[in-house]
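**Q** Handing you a structure now.
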Amino acid sequence: MEISAEEFVDLVRRYPDAVVVDVRFDYEREENGSLPGARQIPIYMPDWEPNPDFVGQVSQVARAGQPLVFVCRSGHRSCEACDLVNLPQVQGVYSLREGMAGLQGKTGAG
C-alpha cells in the first residue's frame with residue numbers, strides 16, 4: 001500500500017517503533033541522505049541483480065504488531081519491496097510514494 005509523505009510522518013508519530021527499511025544503494029544514501037533509524041536493506045545488488053536475501057533480511061528486522069515502511073529514491077523500488085514481502089505479523093506493509101524526494105522538507109531527512 002502506498003502512503004504519502006504526510007501519511008508517513010503521521011504513521012511514524014503514531015507508531016514510534018515502526019520499522020522503516022531503506023532499499024536504496026549505499027551511494028544513494030551517501031549522496032542524498034537517509035532517515036534516522038531506518039534499516040538499510042537494498043532490494044538490488046550493485047549490478048542490479050535482485051538481492052537474494054532481501055525477504056529474509058527484512059523478516060529479521062520486522063516487529064510484530066508494528067508497521068513496516070519501505071523507502072527508496074522515488075517510490076518504485078519500495079513498491080517492488082511491498083510486493084515481495086508478506087509478513088502477516090506486522091501491522092501493515094507500506095511504500096512511501098515519491099520516496100525520499102517526496103519527503104524533502106517534511107522530516108529531518110537529508
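We label chains A, B, ... in the order they appear in the C-alpha cells, count residues from 1 in each chain, and number ligands from 1 in the order shown.
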Just the residues within 6 Å of A:Val23, please, counting only C-alpha atoms, with nothing from its chain fewer than 3 positions along; format it as a PDB file with C-alpha atoms, in the first residue's frame.
**A**
```pdb
ATOM      1  CA  ILE A  41      18.494  -3.362   3.207  1.00  0.00           C
ATOM      2  CA  PRO A  42      19.000  -2.885  -0.533  1.00  0.00           C
ATOM      3  CA  ILE A  43      16.486  -4.639  -2.747  1.00  0.00           C
ATOM      4  CA  CYS A  72      13.656   4.436  -1.874  1.00  0.00           C
TER       5      CYS A  72
END
```
**Q** Give me the residues near stretch 56-63 of chain A as an NGL selection string, where near means some atom within 8 Å (using only C-alpha atoms) and where sequence neighbours in that chain fewer than 2 positions away do not count.
**A** :A and (18-19 or 21 or 39 or 41 or 53-54 or 65-68 or 85 or 87 or 89-90)
**Q** Just N, CA and C atoms for this one: save the residues we selected as a short mmCIF file (atom, residue, chain, number, x, y, z; two decimals), in the first residue's frame.
**A**
```
data_model
loop_
_atom_site.label_atom_id
_atom_site.label_comp_id
_atom_site.auth_asym_id
_atom_site.auth_seq_id
_atom_site.Cartn_x
_atom_site.Cartn_y
_atom_site.Cartn_z
N ALA A 18 7.69 1.72 14.54
CA ALA A 18 7.55 1.25 13.16
C ALA A 18 8.93 1.01 12.58
N VAL A 19 9.02 0.03 11.71
CA VAL A 19 10.29 -0.29 11.07
C VAL A 19 10.31 0.35 9.68
N VAL A 21 12.51 0.66 6.29
CA VAL A 21 13.58 -0.01 5.57
C VAL A 21 13.90 0.79 4.31
N ARG A 39 16.48 1.14 8.63
CA ARG A 39 17.32 -0.02 8.37
C ARG A 39 17.73 0.02 6.91
N ILE A 41 18.55 -2.05 3.84
CA ILE A 41 18.49 -3.36 3.21
C ILE A 41 18.20 -3.14 1.73
N ASP A 53 18.72 -12.32 -0.58
CA ASP A 53 18.39 -12.44 0.84
C ASP A 53 17.45 -11.35 1.32
N PHE A 54 16.88 -10.57 0.40
CA PHE A 54 16.08 -9.41 0.80
C PHE A 54 14.94 -9.77 1.76
N GLY A 65 3.24 -6.56 15.18
CA GLY A 65 2.32 -5.53 15.61
C GLY A 65 2.70 -4.11 15.22
N GLN A 66 3.80 -3.94 14.49
CA GLN A 66 4.25 -2.62 14.08
C GLN A 66 4.22 -2.51 12.56
N PRO A 67 4.00 -1.32 12.03
CA PRO A 67 4.04 -1.13 10.58
C PRO A 67 5.46 -1.31 10.03
N LEU A 68 5.52 -1.66 8.77
CA LEU A 68 6.78 -1.81 8.04
C LEU A 68 6.68 -0.90 6.83
N VAL A 85 7.31 -8.79 0.00
CA VAL A 85 7.27 -9.13 1.43
C VAL A 85 5.84 -9.36 1.89
N LEU A 87 4.37 -10.42 5.40
CA LEU A 87 4.61 -10.72 6.81
C LEU A 87 3.33 -10.45 7.60
N GLN A 89 2.53 -10.88 10.55
CA GLN A 89 2.66 -10.42 11.93
C GLN A 89 2.79 -8.91 12.06
N VAL A 90 3.12 -8.21 10.96
CA VAL A 90 3.27 -6.76 11.06
C VAL A 90 1.92 -6.07 10.93
#
```
**Q** Among stretch 17-102 of chain A, which residues carry a DSSP assignment of strand (DSSP E or B), reported as a short mmCIF file (atom, residue, chain, number, x, y, z; two decimals) with C-alpha atoms, in the first residue's frame?
**A**
```cif
data_model
loop_
_atom_site.label_atom_id
_atom_site.label_comp_id
_atom_site.auth_asym_id
_atom_site.auth_seq_id
_atom_site.Cartn_x
_atom_site.Cartn_y
_atom_site.Cartn_z
CA VAL A 19 10.29 -0.29 11.07
CA VAL A 20 11.49 1.83 8.15
CA VAL A 21 13.58 -0.01 5.57
CA ASP A 22 15.62 1.98 3.07
CA ARG A 39 17.32 -0.02 8.37
CA GLN A 40 19.49 -0.31 5.26
CA TYR A 44 19.10 -4.87 -5.53
CA PRO A 50 17.84 -8.81 -7.07
CA PRO A 67 4.04 -1.13 10.58
CA LEU A 68 6.78 -1.81 8.04
CA VAL A 69 7.56 1.03 5.62
CA PHE A 70 9.83 0.77 2.59
CA VAL A 71 11.61 3.87 1.29
CA GLY A 92 0.84 -3.17 7.67
CA VAL A 93 3.36 -3.01 4.83
CA TYR A 94 3.73 0.36 3.11
CA SER A 95 5.66 2.05 0.34
CA LEU A 96 6.49 5.72 0.61
#
```
**Q** Using only C-alpha atoms, find the one residue out of A:Pro36, A:Met1, A:Arg77, A:Gly99 that sits nearest to A:Trp48.
**A**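 The shortest atom-to-atom distance to A:Trp48 comes from A:Arg77.
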**Q** Return as JSON, numbers by chain the full set of residues in chain A whose backbone-based DSSP assignment is alpha helix (DSSP H).
**A** {"A": [5, 6, 7, 8, 9, 10, 11, 12, 13, 14, 26, 27, 28, 29, 30, 31, 32, 54, 55, 56, 57, 58, 59, 60, 61, 76, 77, 78, 79, 80, 81, 82, 83, 84, 99, 100, 101, 102, 103]}
**Q** May I have the selected residues written with N, CA and C atoms, as a short mmCIF file (atom, residue, chain, number, x, y, z; two decimals), in the first residue's frame?
**A**
```cif
data_model
loop_
_atom_site.label_atom_id
_atom_site.label_comp_id
_atom_site.auth_asym_id
_atom_site.auth_seq_id
_atom_site.Cartn_x
_atom_site.Cartn_y
_atom_site.Cartn_z
N ALA A 5 3.90 11.38 1.84
CA ALA A 5 4.85 11.88 2.83
C ALA A 5 4.13 12.28 4.12
N GLU A 6 2.99 12.94 3.98
CA GLU A 6 2.24 13.37 5.16
C GLU A 6 1.73 12.16 5.96
N GLU A 7 1.24 11.14 5.24
CA GLU A 7 0.78 9.92 5.92
C GLU A 7 1.94 9.20 6.60
N PHE A 8 3.11 9.21 5.97
CA PHE A 8 4.30 8.61 6.56
C PHE A 8 4.65 9.30 7.87
N VAL A 9 4.71 10.62 7.86
CA VAL A 9 5.04 11.37 9.06
C VAL A 9 4.04 11.06 10.17
N ASP A 10 2.76 11.01 9.84
CA ASP A 10 1.73 10.68 10.83
C ASP A 10 1.90 9.25 11.35
N LEU A 11 2.20 8.32 10.46
CA LEU A 11 2.35 6.92 10.85
C LEU A 11 3.50 6.74 11.84
N VAL A 12 4.65 7.36 11.57
CA VAL A 12 5.77 7.18 12.50
C VAL A 12 5.55 7.94 13.81
N ARG A 13 4.71 8.94 13.81
CA ARG A 13 4.35 9.59 15.09
C ARG A 13 3.45 8.66 15.91
N ARG A 14 2.50 8.03 15.23
CA ARG A 14 1.57 7.12 15.93
C ARG A 14 2.23 5.82 16.33
N ASP A 26 23.91 1.98 -1.28
CA ASP A 26 24.70 2.76 -0.32
C ASP A 26 25.03 4.14 -0.87
N TYR A 27 25.46 4.22 -2.13
CA TYR A 27 25.87 5.52 -2.68
C TYR A 27 24.71 6.51 -2.71
N GLU A 28 23.47 6.02 -2.86
CA GLU A 28 22.31 6.91 -2.87
C GLU A 28 22.10 7.53 -1.49
N ARG A 29 22.28 6.74 -0.46
CA ARG A 29 22.15 7.27 0.90
C ARG A 29 23.25 8.26 1.20
N GLU A 30 24.47 7.95 0.73
CA GLU A 30 25.59 8.86 0.96
C GLU A 30 25.38 10.19 0.23
N GLU A 31 24.86 10.15 -0.99
CA GLU A 31 24.66 11.35 -1.78
C GLU A 31 23.43 12.15 -1.36
N ASN A 32 22.36 11.45 -0.98
CA ASN A 32 21.08 12.13 -0.76
C ASN A 32 20.55 12.03 0.66
N PHE A 54 16.88 -10.57 0.40
CA PHE A 54 16.08 -9.41 0.80
C PHE A 54 14.94 -9.77 1.76
N VAL A 55 14.11 -10.73 1.40
CA VAL A 55 12.95 -11.07 2.23
C VAL A 55 13.40 -11.59 3.60
N GLY A 56 14.43 -12.41 3.63
CA GLY A 56 14.95 -12.91 4.90
C GLY A 56 15.50 -11.81 5.77
N GLN A 57 16.22 -10.86 5.17
CA GLN A 57 16.78 -9.74 5.93
C GLN A 57 15.67 -8.86 6.49
N VAL A 58 14.64 -8.62 5.69
CA VAL A 58 13.51 -7.81 6.17
C VAL A 58 12.79 -8.55 7.30
N SER A 59 12.62 -9.84 7.16
CA SER A 59 11.95 -10.63 8.19
C SER A 59 12.66 -10.53 9.53
N GLN A 60 13.97 -10.40 9.49
CA GLN A 60 14.75 -10.32 10.73
C GLN A 60 14.56 -8.99 11.46
N VAL A 61 14.23 -7.92 10.74
CA VAL A 61 14.09 -6.62 11.40
C VAL A 61 12.64 -6.22 11.65
N HIS A 76 9.57 3.67 -6.62
CA HIS A 76 9.42 2.49 -7.47
C HIS A 76 9.95 1.22 -6.79
N ARG A 77 11.17 1.27 -6.31
CA ARG A 77 11.74 0.08 -5.65
C ARG A 77 11.01 -0.25 -4.35
N SER A 78 10.52 0.77 -3.66
CA SER A 78 9.79 0.49 -2.42
C SER A 78 8.46 -0.22 -2.73
N CYS A 79 7.85 0.10 -3.86
CA CYS A 79 6.65 -0.64 -4.28
C CYS A 79 6.99 -2.09 -4.57
N GLU A 80 8.12 -2.32 -5.24
CA GLU A 80 8.56 -3.69 -5.51
C GLU A 80 8.76 -4.44 -4.20
N ALA A 81 9.35 -3.77 -3.22
CA ALA A 81 9.59 -4.40 -1.92
C ALA A 81 8.28 -4.83 -1.27
N CYS A 82 7.28 -3.98 -1.34
CA CYS A 82 5.96 -4.32 -0.78
C CYS A 82 5.39 -5.58 -1.43
N ASP A 83 5.60 -5.69 -2.74
CA ASP A 83 5.09 -6.85 -3.46
C ASP A 83 5.81 -8.13 -3.06
N LEU A 84 7.07 -8.03 -2.66
CA LEU A 84 7.87 -9.21 -2.31
C LEU A 84 7.62 -9.71 -0.90
N GLY A 99 9.06 8.43 -2.61
CA GLY A 99 10.31 8.16 -1.91
C GLY A 99 10.89 9.33 -1.15
N MET A 100 12.22 9.32 -1.05
CA MET A 100 12.92 10.38 -0.33
C MET A 100 12.69 11.73 -0.97
N ALA A 101 12.52 11.74 -2.28
CA ALA A 101 12.27 13.01 -2.98
C ALA A 101 11.00 13.68 -2.45
N GLY A 102 9.98 12.88 -2.14
CA GLY A 102 8.73 13.42 -1.63
C GLY A 102 8.79 13.86 -0.18
N LEU A 103 9.82 13.42 0.53
CA LEU A 103 9.96 13.77 1.96
C LEU A 103 10.72 15.07 2.19
#
```
**Q** Please, what distance in Å, to one decimal, runs between atom CA of A:Asn86 and atom CA of A:Asp17?
**A**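 Taking atom CA of A:Asn86 as the start and atom CA of A:Asp17 as the end point, the length is 19.0 Å.
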**Q** Please measure the separation of atom CA of A:Phe25 and atom CA of A:Arg73, giving the value in Å to one decimal.
**A**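 Pair atom CA of A:Phe25 / atom CA of A:Arg73 returns 9.6 Å.
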